[in-house]
2 protein chains.
Amino acid sequence: MKETADSEETHGRRGTRMADIAAMAGVSSMTVSRVLRDRSCVMPATLSRIEAAIDATGYVPNRVAGSLASRRTDIVGLIVPSLRNSLFAETIKGVSDILGPMHPLMIADSGYSLKGEEIAIRAFLGQRVCGIILHNTKHSPRGRAMLLEAGIPCIETGNLAQQPIDMAVGFSNRDAASAMTMYLLGRGYRHIGFVCLPTKDNDRAAERKAGYLNALSHASLLADPRIVIESPPGLKSGGQALSYLVEVVPEIDAVFFSGDVLATGALLEANRRGWIVPDRIAIAGSDDSELQESVSPPLTTLRFPRYEIGRRAADMLLNRLSGRSSGRAIVDLGFEIIRRASA
Amino acid sequence: MKETADSEETHGRRGTRMADIAAMAGVSSMTVSRVLRDRSCVMPATLSRIEAAIDATGYVPNRVAGSLASRRTDIVGLIVPSLRNSLFAETIKGVSDILGPMHPLMIADSGYSLKGEEIAIRAFLGQRVCGIILHNTKHSPRGRAMLLEAGIPCIETGNLAQQPIDMAVGFSNRDAASAMTMYLLGRGYRHIGFVCLPTKDNDRAAERKAGYLNALSHASLLADPRIVIESPPGLKSGGQALSYLVEVVPEIDAVFFSGDVLATGALLEANRRGWIVPDRIAIAGSDDSELQESVSPPLTTLRFPRYEIGRRAADMLLNRLSGRSSGRAIVDLGFEIIRRASA
DNA sequence: TTGAAAGCGATACCAG
DNA sequence: CTGGTATCGCTTTCAA
C-alpha cells in the first residue's frame, strides 16, 4: 500500500496539492483554503506554518478544482471583431487594467461575423466564464439565446445598445456621425461625401451611415447616393475612396470618413496629389489618434473614449459579480468632435 | 429523498449536466462524454438520441469539470508587454488564428515589467493553462523557475532566445539592427544617430542598441554617445528625438529609429520643418506598416514577421501538446530590410 | 460499443 | 478558529 508514496517518487512531479500543504503545516486543507482567501482568519502561528509550506513547495492553488467546487470561475470573456485593430486594443487594455490578475481575461475575435461571435460565446460558456463583454450589439439568434440563458453578466460595448441583453456601455455611433455631418454642414460644405466600413454584420458602421443620412435630411438636403460608399479598412483604401469620390462627383467639397484610418489615408493621398485640404476638399475622420493629430494638416475627427469604455465595462461586470449593483445599466460615455485644420 | 427533483424545481436553472443528457437519451454519461469527443464511436441510433437531447436543452459541456477530471485544460496563456501596442496585436492575431475556438486564449500584459510578467505567469499556472507564450525573453528568477517547474510547453517570441526556457520563435533584434546600420553605412552615411525605446527590462531594445553599436565598430567607426538615445514610444516622441539629435550634433546625416512609430513621427516632423528627407537627413525605421509605406517619402524600414511569429508559436505549442514534436526548437523567422526613399 | 465506480483538487456547509 | 464530509461535473480505468 505504498502506492501513494511510490507514484510520487516514480512519476515525479504530480504537482503539490492543497492537502500536501495542509499536511506539512499540520492542519486540514480547509484551513489552507481559508488562508488563501483571507490571511487574517487563522491564528498567526498557523498562518506562518502554512505560508512556510507554500513557499517551500512553490504551491500554486488549482483554480480549476476551486472553480468546480464553487461552481464559478473568475475568468472574464471578451469578444472583439478583430484582434488586429488597434482601436479594439484600447478597449482591451481598459478591460485588462481593471480586471487585474485576479480575473484572467479570455479573448476571442469574431472576425466581424455573427457566426464567429456565436462560436466564441459557446466556447466561453464552456469555460464557465463569470461574465462576457462583447463589442457587437448585433448577434445571431442562438448567440443571443445562449447569453440570455447563461445568466451571467453580459456587457455590450460597441454601439450603445437600446435593448441590451443585459448591460451596455459606449456611445451612439449614429449621434456621433450625425454630429460630425452637422458640423460640416455648419462650416458651409454642401456636397459632403461619406465613407464607412462594410455595414454587413457591423451595426456600428450601419449606425454611422444612418446618422450621416439623418443629419442631411434634417438640413433638408438630399444625399447623393454616388458619394455614399463603403470601403474596406486601411490607409490605402481611404486614399482610393477619396480618388473615387472626386472622380465621380467633382463638385464634392468635403468627405466624412467614418472608419478607423480611412481619413488619414485620404489625407495622405490628397497631399500626394497636391490638393489643398480643406480648400479643395475638406476631410473629417473618426477615432482620433496621435496619428490623425500629427499629419498635415491635422485632422478634424470624432474622438471616442475607447479605453474608458473598456474600464467601465470591466467595472460594471465586477460590481455586478460582487453584488454591489444590479439592474440593466446603460452607460453613455459620449464622444467629442476634435476640431482641427482639415475641415 | 426527492431532494434532487425538488432542488431542480426550487432553485430553478442549475444548468444542464451531462448526466441529464444521458438520462434523456437513455444512456450512461460515459456514452455522452464519448460522443462529445468523437461522434463516430457509438451506434447511429444512440447518437441521434443524444444529439436530440443536446440541442433540445442547449447543453454546453462544462470544461471546468472536464479539465479537473482529465487534469489538463485547453487554455493557452499569452503574455505581451502591452495590450495597447498594435505590434503585439499582430502576434496575438497570429496566435489566435491558429489556436481557434478549441483552445481558448488567455491574455495578460506585463506592463513591460518583469514583476508584471511574473504575476501573470502565476495567474496562468493557477488556471492550469496547457502552455504559455511569452513575448519577453528576460524573466524574473521566480518567473523563470515557475515556468521550468510547471512542465508545460513554453514559447518565447520577442527576441530570438539563445537559451530558451523551452522553445523560441522570432528573429534576432541584434542582427536586424546591425543589418540596418550597415545598410546606412553602405549608403554613405557617416554620422548615424540611433534611437530606441527604454532598454530597462526590455531585451529587444537592448539587443537593437547592441546591434547598432556592433555594426559601427565592425566598420571601425566610433559611436558618438550624444546621438545614441532612448526615447518613449509614440509619434511625437519620434519627432522630438529627431529635433534633439539635430540640435545636439548638427552634422548628423541619418537616424535609425528602432522602435515602433518613432521613425514616422520623425519623418512628419522633418516634413513640418521643411527638411528634405533623405537629403538633409536620412530616416530609417523598424516594424514596417502600411503607415510607414504611405508617408512621403515612404520609409526605409525593417520588417518583422510578427503575424507569422504568432502562428508559428501557436503551431509549435499545439504540436508539442499533441505529441507530434518534442525537443527545444529554436525557429528563426528572420527579418527584411524594406528599401524605400527615406534612406 | 457501453457502463459502473473511482477519482480529479478544491470549496460549502455544518459541527465542534 | 478549525475540521469532517459531501459534493462539483466530468474523465479514467476497467469490466462486461
# chains A, B, ... in the order shown; residues from 1 in each chain; ligands from 1
>>> calpha_fit_and_write(fixed="chain B", moving="chain A", output="compact mmCIF listing (two decimals) with C-alpha atoms, in the first residue's frame")
# COMPACT_ATOMS: atom_id res chain seq x y z
CA MET A 1 -36.42 12.44 -0.84
CA LYS A 2 -37.70 14.60 -3.64
CA GLU A 3 -34.82 16.90 -2.90
CA THR A 4 -33.36 16.64 -6.35
CA ALA A 5 -36.48 17.31 -8.29
CA ASP A 6 -37.47 19.91 -5.76
CA SER A 7 -34.30 21.91 -5.94
CA GLU A 8 -34.34 21.84 -9.69
CA GLU A 9 -37.77 23.32 -9.66
CA THR A 10 -37.24 25.70 -6.79
CA HIS A 11 -33.84 27.09 -7.56
CA GLY A 12 -34.45 26.98 -11.25
CA ARG A 13 -31.57 26.78 -13.66
CA ARG A 14 -28.76 24.79 -12.22
CA GLY A 15 -27.46 24.05 -15.64
CA THR A 16 -27.82 20.90 -17.63
CA ARG A 17 -25.23 18.28 -16.79
CA MET A 18 -23.89 15.43 -18.78
CA ALA A 19 -25.81 13.06 -16.55
CA ASP A 20 -29.04 14.76 -17.57
CA ILE A 21 -28.28 14.29 -21.22
CA ALA A 22 -27.36 10.69 -20.53
CA ALA A 23 -30.63 10.11 -18.72
CA MET A 24 -32.65 11.69 -21.51
CA ALA A 25 -30.93 9.53 -24.08
CA GLY A 26 -31.10 6.43 -21.92
CA VAL A 27 -27.36 5.89 -21.85
CA SER A 28 -24.58 6.37 -19.35
CA SER A 29 -22.72 9.62 -19.15
CA MET A 30 -19.60 7.91 -20.41
CA THR A 31 -21.32 7.42 -23.71
CA VAL A 32 -22.23 11.07 -23.85
CA SER A 33 -18.68 11.97 -22.99
CA ARG A 34 -17.38 9.86 -25.84
CA VAL A 35 -19.79 11.31 -28.33
CA LEU A 36 -18.58 14.76 -27.46
CA ARG A 37 -15.05 13.81 -28.44
CA ASP A 38 -15.83 11.60 -31.40
CA ARG A 39 -19.30 11.25 -32.86
CA SER A 40 -18.33 8.13 -34.74
CA CYS A 41 -17.67 5.84 -31.82
CA VAL A 42 -21.23 4.94 -30.91
CA MET A 43 -24.12 3.38 -32.75
CA PRO A 44 -25.98 5.81 -35.01
CA ALA A 45 -29.21 5.27 -33.12
CA THR A 46 -27.57 6.09 -29.81
CA LEU A 47 -25.85 9.06 -31.35
CA SER A 48 -29.01 10.63 -32.62
CA ARG A 49 -30.78 10.25 -29.28
CA ILE A 50 -27.88 11.94 -27.57
CA GLU A 51 -27.70 14.73 -30.07
CA ALA A 52 -31.41 15.28 -29.79
CA ALA A 53 -31.07 15.65 -26.04
CA ILE A 54 -28.15 18.03 -26.45
CA ASP A 55 -29.88 20.46 -28.65
CA ALA A 56 -33.18 20.17 -26.90
CA THR A 57 -31.51 21.42 -23.75
CA GLY A 58 -28.79 23.60 -25.24
CA TYR A 59 -26.31 21.68 -23.18
CA VAL A 60 -22.79 23.14 -23.09
CA PRO A 61 -20.28 20.70 -21.57
CA ASN A 62 -18.53 21.95 -18.48
CA ARG A 63 -14.87 22.23 -19.36
CA VAL A 64 -13.97 23.04 -15.79
CA ALA A 65 -15.08 19.64 -14.63
CA GLY A 66 -13.60 18.02 -17.68
CA SER A 67 -10.28 19.68 -17.06
CA LEU A 68 -10.16 18.61 -13.47
CA ALA A 69 -10.89 15.04 -14.34
CA SER A 70 -8.41 14.86 -17.17
CA ARG A 71 -5.90 16.99 -15.31
CA ARG A 72 -5.38 19.34 -18.19
CA THR A 73 -7.02 22.29 -19.84
CA ASP A 74 -7.06 23.47 -23.43
CA ILE A 75 -6.32 27.02 -22.42
CA VAL A 76 -3.24 28.72 -23.79
CA GLY A 77 -1.76 31.67 -21.92
CA LEU A 78 -0.17 34.58 -23.75
CA ILE A 79 1.76 37.40 -22.12
CA VAL A 80 2.63 40.53 -24.05
CA PRO A 81 4.39 43.67 -22.83
CA SER A 82 1.41 45.84 -23.71
CA LEU A 83 -2.07 45.23 -24.96
CA ARG A 84 -2.21 48.71 -26.41
CA ASN A 85 0.53 48.30 -28.93
CA SER A 86 -0.63 47.25 -32.36
CA LEU A 87 2.66 45.44 -32.97
CA PHE A 88 1.77 42.86 -30.41
CA ALA A 89 -1.72 42.77 -31.83
CA GLU A 90 -0.24 41.18 -34.94
CA THR A 91 1.28 38.38 -32.94
CA ILE A 92 -1.84 37.94 -30.86
CA LYS A 93 -3.87 37.61 -34.03
CA GLY A 94 -1.48 35.00 -35.38
CA VAL A 95 -1.72 32.99 -32.19
CA SER A 96 -5.48 33.27 -32.06
CA ASP A 97 -5.93 32.26 -35.70
CA ILE A 98 -4.05 29.02 -35.18
CA LEU A 99 -5.52 28.13 -31.82
CA GLY A 100 -9.13 28.51 -32.90
CA PRO A 101 -12.10 27.97 -30.59
CA MET A 102 -10.83 24.64 -29.30
CA HIS A 103 -8.03 26.36 -27.44
CA PRO A 104 -9.26 29.39 -25.56
CA LEU A 105 -6.67 32.12 -25.32
CA MET A 106 -5.95 33.87 -22.06
CA ILE A 107 -4.06 37.12 -22.45
CA ALA A 108 -2.29 39.28 -19.91
CA ASP A 109 0.05 42.20 -20.24
CA SER A 110 3.19 42.54 -18.23
CA GLY A 111 3.28 46.31 -18.50
CA TYR A 112 6.84 45.92 -19.76
CA SER A 113 7.91 44.78 -16.30
CA LEU A 114 9.45 41.55 -15.11
CA LYS A 115 7.35 41.63 -12.00
CA GLY A 116 4.22 42.07 -14.06
CA GLU A 117 5.19 39.10 -16.15
CA GLU A 118 5.76 36.98 -13.07
CA ILE A 119 2.34 37.82 -11.73
CA ALA A 120 0.75 36.86 -15.01
CA ILE A 121 2.69 33.60 -15.11
CA ARG A 122 1.48 32.69 -11.65
CA ALA A 123 -2.10 33.50 -12.55
CA PHE A 124 -1.90 31.37 -15.68
CA LEU A 125 -0.37 28.44 -13.86
CA GLY A 126 -3.17 28.72 -11.34
CA GLN A 127 -5.58 28.27 -14.22
CA ARG A 128 -3.49 25.28 -15.30
CA VAL A 129 -3.01 26.53 -18.84
CA CYS A 130 -1.69 23.85 -21.16
CA GLY A 131 1.04 26.09 -22.50
CA ILE A 132 2.42 29.61 -22.35
CA ILE A 133 3.63 32.02 -24.99
CA LEU A 134 5.77 34.93 -23.81
CA HIS A 135 6.98 37.97 -25.63
CA ASN A 136 9.86 38.70 -23.29
CA THR A 137 12.95 36.55 -23.21
CA LYS A 138 14.18 38.14 -20.02
CA HIS A 139 12.38 36.97 -16.90
CA SER A 140 12.47 37.33 -13.16
CA PRO A 141 14.20 34.41 -11.43
CA ARG A 142 10.95 33.28 -9.89
CA GLY A 143 9.12 33.61 -13.17
CA ARG A 144 11.69 31.50 -14.94
CA ALA A 145 11.66 28.94 -12.14
CA MET A 146 7.89 28.61 -12.25
CA LEU A 147 7.93 28.09 -15.97
CA LEU A 148 10.60 25.43 -15.71
CA GLU A 149 8.83 23.75 -12.83
CA ALA A 150 5.44 23.76 -14.51
CA GLY A 151 6.52 21.29 -17.14
CA ILE A 152 4.29 22.72 -19.83
CA PRO A 153 5.34 23.91 -23.26
CA CYS A 154 6.62 27.45 -23.18
CA ILE A 155 7.45 29.56 -26.18
CA GLU A 156 9.40 32.79 -26.12
CA THR A 157 8.86 35.03 -29.10
CA GLY A 158 10.13 38.54 -28.58
CA ASN A 159 13.78 38.15 -29.29
CA LEU A 160 15.31 34.97 -30.56
CA ALA A 161 16.41 33.47 -27.27
CA GLN A 162 19.71 31.67 -27.38
CA GLN A 163 18.96 29.76 -24.23
CA PRO A 164 15.22 29.43 -24.27
CA ILE A 165 13.37 28.03 -21.32
CA ASP A 166 11.80 25.60 -23.74
CA MET A 167 11.17 26.74 -27.31
CA ALA A 168 11.63 30.01 -29.15
CA VAL A 169 10.44 31.55 -32.37
CA GLY A 170 11.26 34.99 -33.67
CA PHE A 171 14.15 36.87 -35.12
CA SER A 172 17.36 38.40 -33.88
CA ASN A 173 16.82 42.01 -32.94
CA ARG A 174 20.56 42.44 -32.77
CA ASP A 175 21.16 41.18 -36.29
CA ALA A 176 18.29 43.24 -37.63
CA ALA A 177 19.58 46.46 -36.11
CA SER A 178 23.06 45.64 -37.22
CA ALA A 179 21.88 45.01 -40.76
CA MET A 180 20.02 48.28 -40.95
CA THR A 181 23.01 50.18 -39.60
CA MET A 182 25.27 48.55 -42.16
CA TYR A 183 22.78 49.41 -44.84
CA LEU A 184 22.97 53.06 -43.84
CA LEU A 185 26.74 52.90 -43.75
CA GLY A 186 26.65 51.38 -47.22
CA ARG A 187 24.60 54.32 -48.43
CA GLY A 188 27.43 56.59 -47.34
CA TYR A 189 26.05 58.01 -44.12
CA ARG A 190 28.72 58.53 -41.50
CA HIS A 191 27.01 60.33 -38.62
CA ILE A 192 24.25 57.91 -37.87
CA GLY A 193 22.13 58.54 -34.85
CA PHE A 194 20.23 55.79 -33.05
CA VAL A 195 17.01 55.94 -31.11
CA CYS A 196 15.41 53.05 -29.29
CA LEU A 197 12.82 52.51 -26.59
CA PRO A 198 13.96 52.36 -22.95
CA THR A 199 16.14 49.28 -22.56
CA LYS A 200 15.28 48.60 -18.95
CA ASP A 201 13.53 45.21 -18.72
CA ASN A 202 13.30 45.25 -22.51
CA ASP A 203 15.69 42.77 -24.05
CA ARG A 204 14.56 43.65 -27.56
CA ALA A 205 15.51 47.30 -27.32
CA ALA A 206 18.78 46.42 -25.64
CA GLU A 207 19.63 43.94 -28.38
CA ARG A 208 18.91 46.47 -31.07
CA LYS A 209 21.20 48.99 -29.48
CA ALA A 210 23.89 46.33 -29.30
CA GLY A 211 23.38 45.55 -32.96
CA TYR A 212 23.76 49.18 -33.92
CA LEU A 213 26.96 49.51 -31.89
CA ASN A 214 28.30 46.27 -33.35
CA ALA A 215 27.81 47.43 -36.89
CA LEU A 216 29.60 50.68 -36.22
CA SER A 217 32.57 48.99 -34.66
CA HIS A 218 32.74 46.48 -37.49
CA ALA A 219 33.07 49.46 -39.77
CA SER A 220 35.77 50.76 -37.44
CA LEU A 221 33.66 53.74 -36.55
CA LEU A 222 33.28 55.19 -33.12
CA ALA A 223 29.73 55.63 -31.88
CA ASP A 224 29.00 59.17 -30.80
CA PRO A 225 27.26 58.72 -27.44
CA ARG A 226 25.48 62.05 -27.87
CA ILE A 227 23.38 60.66 -30.68
CA VAL A 228 22.59 57.27 -29.20
CA ILE A 229 19.50 57.85 -27.15
CA GLU A 230 16.45 56.17 -25.68
CA SER A 231 13.02 57.62 -26.12
CA PRO A 232 9.50 56.82 -24.99
CA PRO A 233 7.19 55.38 -27.63
CA GLY A 234 4.90 57.47 -29.79
CA LEU A 235 4.81 59.66 -32.85
CA LYS A 236 5.49 62.88 -30.99
CA SER A 237 8.32 61.29 -29.13
CA GLY A 238 9.93 60.39 -32.45
CA GLY A 239 9.63 63.96 -33.63
CA GLN A 240 11.15 65.26 -30.43
CA ALA A 241 14.01 62.80 -30.66
CA LEU A 242 14.81 63.99 -34.16
CA SER A 243 14.78 67.62 -33.09
CA TYR A 244 17.01 66.86 -30.17
CA LEU A 245 19.56 64.93 -32.20
CA VAL A 246 19.87 67.59 -34.86
CA GLU A 247 20.34 70.24 -32.26
CA VAL A 248 23.01 68.35 -30.34
CA VAL A 249 25.00 67.19 -33.35
CA PRO A 250 24.09 69.27 -36.41
CA GLU A 251 26.32 67.25 -38.70
CA ILE A 252 24.18 64.16 -38.12
CA ASP A 253 23.18 62.80 -41.53
CA ALA A 254 20.97 59.81 -40.71
CA VAL A 255 18.97 58.39 -37.84
CA PHE A 256 17.86 54.84 -37.29
CA PHE A 257 14.73 54.74 -35.17
CA SER A 258 14.46 51.22 -33.89
CA GLY A 259 11.13 51.43 -32.12
CA ASP A 260 7.60 51.23 -33.35
CA VAL A 261 6.33 54.51 -34.86
CA LEU A 262 9.26 56.68 -33.79
CA ALA A 263 10.51 56.94 -37.36
CA THR A 264 7.14 58.02 -38.67
CA GLY A 265 6.93 60.72 -36.02
CA ALA A 266 10.39 61.89 -36.98
CA LEU A 267 9.50 62.01 -40.64
CA LEU A 268 6.36 64.02 -40.01
CA GLU A 269 8.43 66.40 -37.91
CA ALA A 270 11.04 66.72 -40.66
CA ASN A 271 8.31 67.49 -43.17
CA ARG A 272 6.89 70.08 -40.86
CA ARG A 273 10.28 71.77 -40.59
CA GLY A 274 10.80 71.63 -44.29
CA TRP A 275 13.82 69.38 -44.06
CA ILE A 276 14.22 67.31 -47.16
CA VAL A 277 14.44 63.62 -46.36
CA PRO A 278 16.86 62.00 -47.05
CA ASP A 279 18.93 64.95 -48.36
CA ARG A 280 19.14 66.91 -45.16
CA ILE A 281 18.83 63.80 -43.03
CA ALA A 282 18.00 60.20 -43.77
CA ILE A 283 15.46 58.34 -41.64
CA ALA A 284 15.18 54.62 -41.20
CA GLY A 285 12.61 52.84 -39.08
CA SER A 286 11.58 49.44 -37.89
CA ASP A 287 8.39 47.44 -37.78
CA ASP A 288 7.10 48.18 -41.20
CA SER A 289 3.44 49.01 -41.52
CA GLU A 290 1.00 50.43 -43.99
CA LEU A 291 1.60 53.79 -42.36
CA GLN A 292 5.33 53.79 -42.88
CA GLU A 293 4.73 52.92 -46.50
CA SER A 294 2.16 55.66 -46.98
CA VAL A 295 3.99 58.71 -45.70
CA SER A 296 6.10 60.93 -47.95
CA PRO A 297 8.75 60.00 -48.58
CA PRO A 298 7.95 56.39 -47.78
CA LEU A 299 10.14 55.04 -45.04
CA THR A 300 12.97 52.58 -45.31
CA THR A 301 12.31 50.13 -42.52
CA LEU A 302 12.92 46.78 -41.03
CA ARG A 303 10.06 44.37 -41.48
CA PHE A 304 9.42 41.66 -38.93
CA PRO A 305 7.10 38.71 -39.48
CA ARG A 306 5.04 39.35 -36.38
CA TYR A 307 1.87 37.67 -37.54
CA GLU A 308 3.78 34.64 -38.71
CA ILE A 309 5.62 34.50 -35.41
CA GLY A 310 2.29 34.23 -33.63
CA ARG A 311 1.16 31.48 -35.95
CA ARG A 312 4.34 29.49 -35.59
CA ALA A 313 4.37 29.88 -31.85
CA ALA A 314 0.85 28.52 -31.58
CA ASP A 315 1.67 25.82 -34.05
CA MET A 316 4.69 24.63 -32.11
CA LEU A 317 2.66 24.66 -28.94
CA LEU A 318 -0.10 22.55 -30.44
CA ASN A 319 2.37 20.13 -31.98
CA ARG A 320 4.06 19.62 -28.68
CA LEU A 321 0.74 19.02 -26.96
CA SER A 322 -0.32 16.47 -29.51
CA GLY A 323 2.99 14.70 -29.16
CA ARG A 324 3.86 15.29 -32.81
CA SER A 325 7.01 17.03 -31.78
CA SER A 326 9.36 17.39 -28.92
CA GLY A 327 12.72 18.96 -28.36
CA ARG A 328 13.86 22.48 -27.88
CA ALA A 329 13.11 24.02 -31.23
CA ILE A 330 14.51 27.46 -31.95
CA VAL A 331 12.95 28.90 -35.08
CA ASP A 332 14.42 31.97 -36.72
CA LEU A 333 11.88 33.66 -38.96
CA GLY A 334 14.30 36.40 -39.95
CA PHE A 335 13.62 39.97 -41.01
CA GLU A 336 13.77 42.09 -44.13
CA ILE A 337 15.07 45.52 -44.94
CA ILE A 338 12.43 47.34 -46.92
CA ARG A 339 14.22 49.93 -49.04
CA ARG A 340 12.23 53.02 -49.77
CA ALA A 341 12.99 56.68 -50.34
CA SER A 342 13.73 57.91 -46.83
CA ALA A 343 17.20 56.43 -46.47
>>> interface_residues(of="chain C", to="chain A", cutoff="8 Å", atoms="only C-alpha atoms (C1' of nucleotides)", output="NGL selection string")
:C and (8-12)
>>> select_by_dssp(residues="stretch 110-239 of chain A", states="strand (DSSP E)", output="list in words")
Gly131, Ile132, Ile133, Leu134, Cys154, Ile155, Glu156, Met167, Ala168, Val169, Gly170, Ile192, Gly193, Phe194, Val195, Cys196, Val228, Ile229 and Glu230 of chain A
>>> residues_around(residues="C:DA6", least_positions_apart="4", cutoff="12 Å", atoms="only C-alpha atoms (C1' of nucleotides)", output="NGL selection string")
(:B and (69)) or (:D and (11-14))
>>> atom_distance(atom1="atom C1' of D:DT5", atom2="atom C1' of C:DC13")
9.3 Å
>>> interface_residues(of="chain D", to="chain A", cutoff="10 Å", atoms="only C-alpha atoms (C1' of nucleotides)", output="ChimeraX atom specification")
/D:1-4,7-10
>>> write_last_selection(atoms="C-alpha atoms (C1' of nucleotides)", output="mmCIF file, in the first residue's frame")
data_model
loop_
_atom_site.group_PDB
_atom_site.id
_atom_site.type_symbol
_atom_site.label_atom_id
_atom_site.label_comp_id
_atom_site.auth_asym_id
_atom_site.auth_seq_id
_atom_site.Cartn_x
_atom_site.Cartn_y
_atom_site.Cartn_z
ATOM 1 C "C1'" DC D 1 -10.901 29.441 14.786
ATOM 2 C "C1'" DT D 2 -10.751 24.605 12.948
ATOM 3 C "C1'" DG D 3 -12.014 20.149 10.860
ATOM 4 C "C1'" DG D 4 -15.053 16.405 8.682
ATOM 5 C "C1'" DT D 7 -20.212 17.321 -3.354
ATOM 6 C "C1'" DC D 8 -18.834 19.961 -8.094
ATOM 7 C "C1'" DG D 9 -19.496 17.551 -13.330
ATOM 8 C "C1'" DC D 10 -16.710 15.356 -15.843
#
